[in-house]
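**Q** Starting off with a structure, shown below.
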Amino acid sequence: MHSGFSAPKKLPERIYVEKFEASPCHFHVNRQGKELEALIEKERTQLAKDLQVRLSKHVAPTVLLQQGEEPPAGPFWLLRGSFQIVEEGSRLLRAGIGLGLGKTVMKTEVQLINLSSLESDPVFLTIQTTGGSGMAPGAVAAFTPIGPFVLSNALINAGGSLGGALGSGISIDRRRTAREIVAAISEYSAHHDLLPRTRALHPKKLGKIPNFFDSNSY
């Protein structure tokens, strides 16, 4: 857990998004070689584009960085992350049997970095996502170095429903993951008075959680 870093005082002029890191060993799919490489690059690119569109709409203007491009220092944020696991599952098992059989899984880790900070560690928000289709809903845990943003028992759902098994898959998991990441950033921004609370998105959560806008919850 980080300590001693304060939250940003205002929204950034721009948010820069890097394509997520993705190791082939984390992609459990029915592809190898060039096909696997193509799938990984497609998911990296599409997730970054999904995040760019949603962040631009709901938080601040967002720019997708090209491979190897460095973001500038200044009143900006940088979003970077990695795919921790991607399970393709089986569409036939999801549709025919369900009950978690043939489930897809997508897990990511995300960091939001303040590019105007002079701190040695300018990460101010960390998000972990897990979810999928044809399985029990997953979770996002978001926290800040100055204390928990979401307490340990407060989970954000990035998972699908059994009823969506026929239309489920990696692409749907990826879009759902982007949606919940942006919702977590939006809610964080509203909690810290960077966004009007009436504009805030609210990620799906599981279990008993505190009221994010109740100062007594922190």
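Labeling convention for the structure tokens: chains A, B, ... as they appear, residues from 1 per chain, ligands from 1 in order of appearance.
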If we count only C-alpha atoms and set the cut-off at 9 Å, which residues sit around A:Glu43, ignoring sequence neighbours fewer than 5 positions away in its own chain? Please answer as a compact mmCIF listing (two decimals) with C-alpha atoms, in the first residue's frame.
**A**
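Listing of result_6.txt after writing:
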```txt
# COMPACT_ATOMS: atom_id res chain seq x y z
CA PHE A 20 -2.23 -2.76 -21.90
CA ALA A 38 -3.08 -11.11 -33.84
CA ALA A 48 -7.44 1.10 -25.37
CA ILE A 170 -13.71 -12.08 -25.05
CA SER A 171 -14.94 -9.00 -26.94
CA ARG A 174 -13.36 -6.45 -22.87
```
**Q** Go through A:Ala60, A:Met106, A:Leu201, A:Ile113 and flag the residue nearest A:Glu18, using only C-alpha atoms for the distances.
**A** A:Ile113
**Q** My list of candidates is A:Ala22, A:Ala200, A:Ile185, A:Val17. Which is closest to A:Leu36 when distances are computed with only C-alpha atoms?
**A**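 Among the listed residues, the smallest separation from A:Leu36 belongs to A:Ala22.
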**Q** Just list the residues in stretch 41-122 of chain A DSSP gives helix (DSSP H, G or I) on the backbone, as a PyMOL selection string.
**A** chain A and resi 41-58+91-96
**Q** Hey, can you spit out that residue selection with C-alpha atoms as an mmCIF file, in the first residue's frame?
**A**
```cif
data_model
loop_
_atom_site.group_PDB
_atom_site.id
_atom_site.type_symbol
_atom_site.label_atom_id
_atom_site.label_comp_id
_atom_site.auth_asym_id
_atom_site.auth_seq_id
_atom_site.Cartn_x
_atom_site.Cartn_y
_atom_site.Cartn_z
ATOM 1 C CA GLU A 41 -2.855 -7.121 -30.467
ATOM 2 C CA LYS A 42 -6.524 -6.758 -31.370
ATOM 3 C CA GLU A 43 -7.592 -6.921 -27.712
ATOM 4 C CA ARG A 44 -4.873 -4.500 -26.621
ATOM 5 C CA THR A 45 -5.908 -2.017 -29.310
ATOM 6 C CA GLN A 46 -9.658 -2.363 -28.820
ATOM 7 C CA LEU A 47 -9.511 -2.079 -25.038
ATOM 8 C CA ALA A 48 -7.442 1.101 -25.370
ATOM 9 C CA LYS A 49 -9.955 2.510 -27.884
ATOM 10 C CA ASP A 50 -12.907 1.542 -25.672
ATOM 11 C CA LEU A 51 -11.262 3.332 -22.754
ATOM 12 C CA GLN A 52 -10.451 6.361 -24.907
ATOM 13 C CA VAL A 53 -14.058 6.775 -26.028
ATOM 14 C CA ARG A 54 -15.575 6.291 -22.584
ATOM 15 C CA LEU A 55 -13.052 8.440 -20.711
ATOM 16 C CA SER A 56 -13.470 11.262 -23.247
ATOM 17 C CA LYS A 57 -17.217 11.144 -22.769
ATOM 18 C CA HIS A 58 -17.375 10.784 -19.003
ATOM 19 C CA ARG A 91 -19.587 -20.946 -26.095
ATOM 20 C CA LEU A 92 -21.296 -24.317 -26.561
ATOM 21 C CA LEU A 93 -20.885 -25.243 -22.893
ATOM 22 C CA ARG A 94 -22.043 -21.791 -21.768
ATOM 23 C CA ALA A 95 -25.144 -21.998 -23.930
ATOM 24 C CA GLY A 96 -25.921 -25.697 -23.507
#
```
**Q** In Å, rounded to a single decimal, give me how far atom CA of A:Thr108 is from atom CA of A:Cys25.
**A**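 Taking atom CA of A:Cys25 as the start and atom CA of A:Thr108 as the end point, the length is 14.1 Å.
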**Q** Figure out the distance between atom CA of A:Gln128 and atom CA of A:Pro61, please, to one decimal in Å.
**A**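 Spanning atom CA of A:Pro61 to atom CA of A:Gln128 is a straight-line distance of 23.1 Å.
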**Q** So which one's closest to A:His192, A:Thr130, A:Asn30, A:Phe124, A:Asp173? Using only C-alpha atoms, please.
**A**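 Of the candidates, the smallest distance to A:His192 is held by A:Phe124.
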**Q** A:Gln67, A:Thr104, A:Thr198, A:Ser82: which is nearest A:His28, counting only C-alpha atoms?
**A**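 Among the listed residues, the smallest separation from A:His28 belongs to A:Thr104.
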**Q** So which one's closest to A:Leu194, A:Leu118, A:Val59, A:Ile15, A:Val29? Using only C-alpha atoms, please.
**A**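 Distance minimum relative to A:Leu194 lands on A:Val59.
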**Q** Between atom CA of A:Arg197 and atom CA of A:Leu125, what is the distance in Å, rounded to a tenth?
**A** 18.5 Å
**Q** Give the answer as one residue: which of A:Asp193, A:Asp121, A:Glu109, A:Glu88 has the shortest atom-to-atom distance to A:Ile172, using only C-alpha atoms?
**A**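 Closest to A:Ile172, using only C-alpha atoms: A:Glu88.
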**Q** Among stretch 14-130 of chain A, which residues does DSSP mark as strand (DSSP E or B) when it is run on the backbone? Keep the chain and numbering as in the structure and answer as an NGL selection string.
**A** :A and (14-17 or 21 or 27-28 or 62-64 or 76-87 or 105-114 or 123-130)
